[in-house]
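Visitor: For reference, the structure I am asking about is given below.
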2 protein chains.
Amino acid sequence: MSKIGALGYALLCVLHKGPLTGYEILQRMRKPVGYYWTAPQSQIYPALARLTEQGLIDHDEEPGPGPRPRKTHRLTPAGRDALSAWLTQPAEPPAPRDETILKTYAQLAADPGGMSTFYQGEIVRLRNQLADYQAQRDALIGTGAEEPDHPAFGAYATLTLGCRSLPVRIEWCEWLVAQMAHRRPRPD
Amino acid sequence: MSKIGALGYALLCVLHKGPLTGYEILQRMRKPVGYYWTAPQSQIYPALARLTEQGLIDHDEEPGPGPRPRKTHRLTPAGRDALSAWLTQPAEPPAPRDETILKTYAQLAADPGGMSTFYQGEIVRLRNQLADYQAQRDALIGTGAEEPDHPAFGAYATLTLGCRSLPVRIEWCEWLVAQMAHRRPRPD
DNA sequence: TTGCTCATGTAAGAAGTTACATGATTCA
DNA sequence: TGAATCATGTAACTTCTTACATGAGCAA
C-alpha cells in the first residue's frame, strides 16, 4: 500500500468526528483546523480520491448542485486505525519557515523606521488573531469542552495554545518597536 | 526581471553580514538561521545561481577541494537594495503546518496513554531545544549584542523569541499530559 | 581503509500554489 | 442582473525533499 503523507493524515483528522463533504472539509481548513494546518481546494479533492483508493475513507453520493455528485466522506475502520496509530507516533519537527523572524535576523540591513512600522503592522495582525482565538475559545467555555473526553476538547486545547503563545509574540514585537527607536538611522 | 521568492530573500538575509560560500550558507541554515528558516543543499546551489543571474549577488572563484571551484558569494548593491526593501514590507502570514497541534485536535481518536507518551516526548524535544537556544543566547549576553546597532542583535532578538515562546509550549504539553490522565481509556 | 569535513552540483518525484472550469440556487 | 454560496474537479507551475554523484585532504 502506498503511503499517506501529512495532508492525508490531516484529512483523516478533520473527518475523525464524523462524515463531511469535500467542501465542508475545505471550510474546516479555513476556520478551526486552518490555524495549524491548511490546504487549498485543489489539493483536497485529489487527496480524498487517494484516501478512497487506499480504503481509508469511503463516501455516499447524492446528486449535487453542480454538474458532479455531492460526496459525503467518512472514515473506514482501516482509516480510523491508521489515524489512531499515527496520532501517538512522535511528530517529526517541522522545517521552520517564519518570514518575520528571518527579517529580524537581517534587520540591520534596513532602515530602523521602516522596521518599526513593520513590527507595528505585525502587532495589529497578531492582536486580531488573538481576539479571534479568544472569542472562539470563550464560546467553548461552559459547554463541557474543558473536559478531555468531550468531543470539542481537541479544539479547545488548540485554541488554548494560541491564546497563550500569541501574547508572547506580541510582546516580542513591542520590545522590538522600542529597540528600533534606539537604533541610529542607517550608517552607510 | 524575474521575481525572487522567499528562499532567495532568505539567502540574501544570510549574506547580509558578509560574503560566504554555499557550504557556509548551508551550515547557517542548520545552526543560527535554521531555527526559523531551512533549506536543503539541493535548493541552495540552484538558488544562488538564480540570484547571480539576477545580479543580486556575485562571487569570487578559487580552486576548491573537489572537482569544482569554490565560490565566495557576496551581496551586490542591487542585492542589498532588494533586501532592505523587502525587510520592511509586511510579511504575509505563513500557511501554518503544525503536526503536533493537528494531532491534538484529533486526540480523541487515539488512546489516552499513547497520547500522554506522545506529549512527554514532545516535552523532551522542546526542553532540549530550549537549552540550546538559552546556551546560544547566554553566549551573546555581554558582547554588546543586546544593543540594537550591534551586528549580532538580529541573532540575539530571534533567540530571545525562542527562549520566551518555548516555555509556553512546554507548559501546554505538560497540561495535556495531566489532562490525558483524566481521560477514560478508549471504548471500542 | 573507512569515515569525516570541505565543496559543488544534478535528477526525480512529492507537495503546495494559483488559476481555470462548470452549474444550480439564493439573496440583494 | 449580479454576486455569493454550494459543490466538484483539472492544469500549469513553483517549491521542497530525497537521493545520487564527484573528489581532495585528514584522522582513527
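Ordering of the C-alpha cells sets the chain letters (A, B, ...), residue numbers begin anew at 1 in every chain, and ligands are numbered from 1 in the order given.
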Taking the backbone alone, and naming residues the way the document does, which bits of segment 13-57 of chain A are helix (DSSP H, G or I) by DSSP, as a list in words?

Guide: Cys13, Val14, Leu15, His16, Lys17, Gly22, Tyr23, Glu24, Ile25, Leu26, Gln27, Arg28, Val33, Gly34, Tyr35, Gln41, Ser42, Gln43, Ile44, Tyr45, Pro46, Ala47, Leu48, Ala49, Arg50, Leu51, Thr52 and Glu53 of chain A

Visitor: Would you mind listing what lies within 9 Å of segment 4-14 of chain B as a VMD selection string, with only C-alpha atoms (C1' of nucleotides) counted and same-chain residues fewer than 5 positions away left out?

Guide: (chain A and resid 99 102 to 103 105 to 107 109) or (chain B and resid 20 25 28 to 29 33 37 to 39 43 to 44 47 to 48 50 to 51 54 56 to 57 74 to 75 79 to 80 82 to 83 86)

Visitor: Need to verify the contact set: segment 4-21 of chain D, 7 Å, only C-alpha atoms (C1' of nucleotides), exclusion of same-chain residues closer than 2 positions in sequence. Can you return it as a PyMOL selection string?

Guide: chain A and resi 23+64-66+68+70

Visitor: Select, as a PyMOL selection string, those residues of chain A with any atom no more than 6 Å from chain B (distances computed using only C-alpha atoms).

Guide: chain A and resi 13+36-37+84+87-88+90+96-98+103-106+109-110+114-115+118+148-149+154-155+183

Visitor: May I have the residues from that selection written out with C-alpha atoms, as a PDB file, in the first residue's frame?

Guide:
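Heads up, here's the output in again-v7.pdb:
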ATOM      1  CA  CYS A  13      -8.102  14.187  11.437  1.00  0.00           C
ATOM      2  CA  TYR A  36      -2.465  24.796  12.435  1.00  0.00           C
ATOM      3  CA  TRP A  37      -2.972  23.091   9.085  1.00  0.00           C
ATOM      4  CA  SER A  84      -5.048   6.434  15.811  1.00  0.00           C
ATOM      5  CA  LEU A  87      -1.559  10.190  16.409  1.00  0.00           C
ATOM      6  CA  THR A  88       0.631   8.598  19.056  1.00  0.00           C
ATOM      7  CA  PRO A  90       6.331  11.234  17.611  1.00  0.00           C
ATOM      8  CA  PRO A  96      10.552  26.091  10.258  1.00  0.00           C
ATOM      9  CA  ARG A  97       9.808  28.855   7.813  1.00  0.00           C
ATOM     10  CA  ASP A  98       8.994  32.120   9.547  1.00  0.00           C
ATOM     11  CA  LYS A 103      13.544  39.584   8.724  1.00  0.00           C
ATOM     12  CA  THR A 104      14.520  40.197  12.321  1.00  0.00           C
ATOM     13  CA  TYR A 105      17.769  38.339  11.809  1.00  0.00           C
ATOM     14  CA  ALA A 106      18.739  40.653   8.941  1.00  0.00           C
ATOM     15  CA  ALA A 109      20.190  45.872   6.615  1.00  0.00           C
ATOM     16  CA  ALA A 110      17.031  48.001   6.721  1.00  0.00           C
ATOM     17  CA  GLY A 114      10.797  51.029   8.330  1.00  0.00           C
ATOM     18  CA  MET A 115      11.385  48.102  10.646  1.00  0.00           C
ATOM     19  CA  PHE A 118       6.859  46.584  10.074  1.00  0.00           C
ATOM     20  CA  PRO A 148     -10.753  15.891  27.983  1.00  0.00           C
ATOM     21  CA  ASP A 149     -13.407  13.366  26.976  1.00  0.00           C
ATOM     22  CA  GLY A 154      -9.267  18.963  20.923  1.00  0.00           C
ATOM     23  CA  ALA A 155     -10.443  22.289  19.513  1.00  0.00           C
ATOM     24  CA  ARG A 183      18.850  52.463  16.536  1.00  0.00           C
TER      25      ARG A 183
END

Visitor: So how many Å separate atom CA of Ala49 of chain B and atom CA of Pro69 of chain B, to one decimal?

Guide: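 So the answer is 13.9 Å.
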
Visitor: Relative to chain B, what is the Cα RMSD of chain A after a least-squares superposition using every Cα atom paired in order?

Guide: 0.2 Å

Visitor: Measuring atom to atom with only C-alpha atoms (C1' of nucleotides), identify which of B:Lys3, B:Glu62, B:Gln134, B:Lys31 is nearest to chain C.

Guide: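 Looking only at the distances to chain C, the closest residue turns out to be B:Glu62.
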
Visitor: Mind running chain D against chain B at 8 Å and telling me each contacting residue's nearest atom pair with the distance in Å (one decimal), counting only C-alpha atoms (C1' of nucleotides), chain and number ascending, as a tab-separated table?

Guide:
residue	atom	partner	partner_atom	distance
D:DC16	C1'	B:Gln43	CA	7.9
D:DT22	C1'	B:Pro67	CA	6.6
D:DG23	C1'	B:Gly66	CA	4.7
D:DA24	C1'	B:Pro65	CA	5.0
D:DG25	C1'	B:Pro65	CA	8.0

Visitor: Once you have the residues from the selection above, write them out as a compact mmCIF listing (two decimals), in the first residue's frame, restricted to all heavy atoms.

Guide:
# COMPACT_ATOMS: atom_id res chain seq x y z
P DC D 16 10.32 26.62 -0.75
OP1 DC D 16 9.75 27.29 0.44
OP2 DC D 16 11.62 27.05 -1.29
O5' DC D 16 10.38 25.05 -0.46
C5' DC D 16 9.17 24.32 -0.25
C4' DC D 16 9.49 22.85 -0.09
O4' DC D 16 9.58 22.23 -1.39
C3' DC D 16 10.80 22.54 0.65
O3' DC D 16 10.46 21.74 1.77
C2' DC D 16 11.67 21.88 -0.42
C1' DC D 16 10.64 21.30 -1.39
N1 DC D 16 11.05 21.12 -2.81
C2 DC D 16 10.80 19.91 -3.47
O2 DC D 16 10.27 18.98 -2.85
N3 DC D 16 11.15 19.78 -4.78
C4 DC D 16 11.72 20.80 -5.42
N4 DC D 16 12.04 20.61 -6.71
C5 DC D 16 11.98 22.05 -4.78
C6 DC D 16 11.63 22.17 -3.48
P DT D 22 30.42 9.36 -9.72
OP1 DT D 22 30.84 8.73 -10.98
OP2 DT D 22 30.44 8.60 -8.45
O5' DT D 22 31.29 10.67 -9.47
C5' DT D 22 31.17 11.79 -10.34
C4' DT D 22 32.07 12.88 -9.79
O4' DT D 22 31.43 13.47 -8.64
C3' DT D 22 33.42 12.36 -9.33
O3' DT D 22 34.46 13.00 -10.05
C2' DT D 22 33.48 12.66 -7.83
C1' DT D 22 32.42 13.73 -7.66
N1 DT D 22 31.77 13.76 -6.32
C2 DT D 22 31.71 14.95 -5.65
O2 DT D 22 32.17 15.98 -6.11
N3 DT D 22 31.11 14.91 -4.43
C4 DT D 22 30.56 13.81 -3.81
O4 DT D 22 30.04 13.91 -2.70
C5 DT D 22 30.64 12.57 -4.56
C7 DT D 22 30.08 11.30 -3.97
C6 DT D 22 31.24 12.61 -5.76
P DG D 23 35.91 12.30 -10.14
OP1 DG D 23 36.56 12.85 -11.35
OP2 DG D 23 35.75 10.84 -9.96
O5' DG D 23 36.67 12.88 -8.86
C5' DG D 23 37.07 14.26 -8.80
C4' DG D 23 37.54 14.58 -7.42
O4' DG D 23 36.41 14.74 -6.54
C3' DG D 23 38.40 13.47 -6.79
O3' DG D 23 39.54 14.06 -6.24
C2' DG D 23 37.49 12.94 -5.69
C1' DG D 23 36.81 14.25 -5.30
N9 DG D 23 35.70 14.14 -4.36
C8 DG D 23 34.72 13.17 -4.32
N7 DG D 23 33.88 13.34 -3.34
C5 DG D 23 34.33 14.49 -2.68
C6 DG D 23 33.82 15.16 -1.54
O6 DG D 23 32.85 14.86 -0.85
N1 DG D 23 34.57 16.28 -1.21
C2 DG D 23 35.68 16.69 -1.91
N2 DG D 23 36.28 17.79 -1.45
N3 DG D 23 36.17 16.09 -2.98
C4 DG D 23 35.44 14.99 -3.31
P DA D 24 40.98 13.41 -6.31
OP1 DA D 24 41.46 13.51 -7.69
OP2 DA D 24 40.90 12.09 -5.64
O5' DA D 24 41.84 14.40 -5.39
C5' DA D 24 41.85 15.81 -5.66
C4' DA D 24 41.80 16.57 -4.35
O4' DA D 24 40.51 16.36 -3.74
C3' DA D 24 42.84 16.09 -3.33
O3' DA D 24 43.68 17.19 -2.98
C2' DA D 24 42.04 15.60 -2.14
C1' DA D 24 40.65 16.18 -2.35
N9 DA D 24 39.59 15.27 -1.92
C8 DA D 24 39.19 14.12 -2.55
N7 DA D 24 38.19 13.50 -1.95
C5 DA D 24 37.93 14.30 -0.84
C6 DA D 24 36.98 14.20 0.20
N6 DA D 24 36.09 13.19 0.28
N1 DA D 24 36.97 15.16 1.13
C2 DA D 24 37.86 16.16 1.04
N3 DA D 24 38.79 16.38 0.10
C4 DA D 24 38.78 15.40 -0.82
P DG D 25 44.95 16.92 -2.02
OP1 DG D 25 45.86 18.08 -2.20
OP2 DG D 25 45.43 15.53 -2.24
O5' DG D 25 44.32 16.98 -0.56
C5' DG D 25 43.92 18.24 0.00
C4' DG D 25 43.53 18.03 1.44
O4' DG D 25 42.40 17.14 1.50
C3' DG D 25 44.64 17.38 2.30
O3' DG D 25 44.73 18.13 3.51
C2' DG D 25 44.13 15.96 2.54
C1' DG D 25 42.63 16.16 2.49
N9 DG D 25 41.84 14.99 2.11
C8 DG D 25 42.03 14.17 1.02
N7 DG D 25 41.13 13.21 0.93
C5 DG D 25 40.32 13.40 2.04
C6 DG D 25 39.18 12.67 2.48
O6 DG D 25 38.64 11.69 1.97
N1 DG D 25 38.64 13.22 3.65
C2 DG D 25 39.15 14.32 4.30
N2 DG D 25 38.52 14.71 5.40
N3 DG D 25 40.21 15.02 3.90
C4 DG D 25 40.74 14.49 2.77
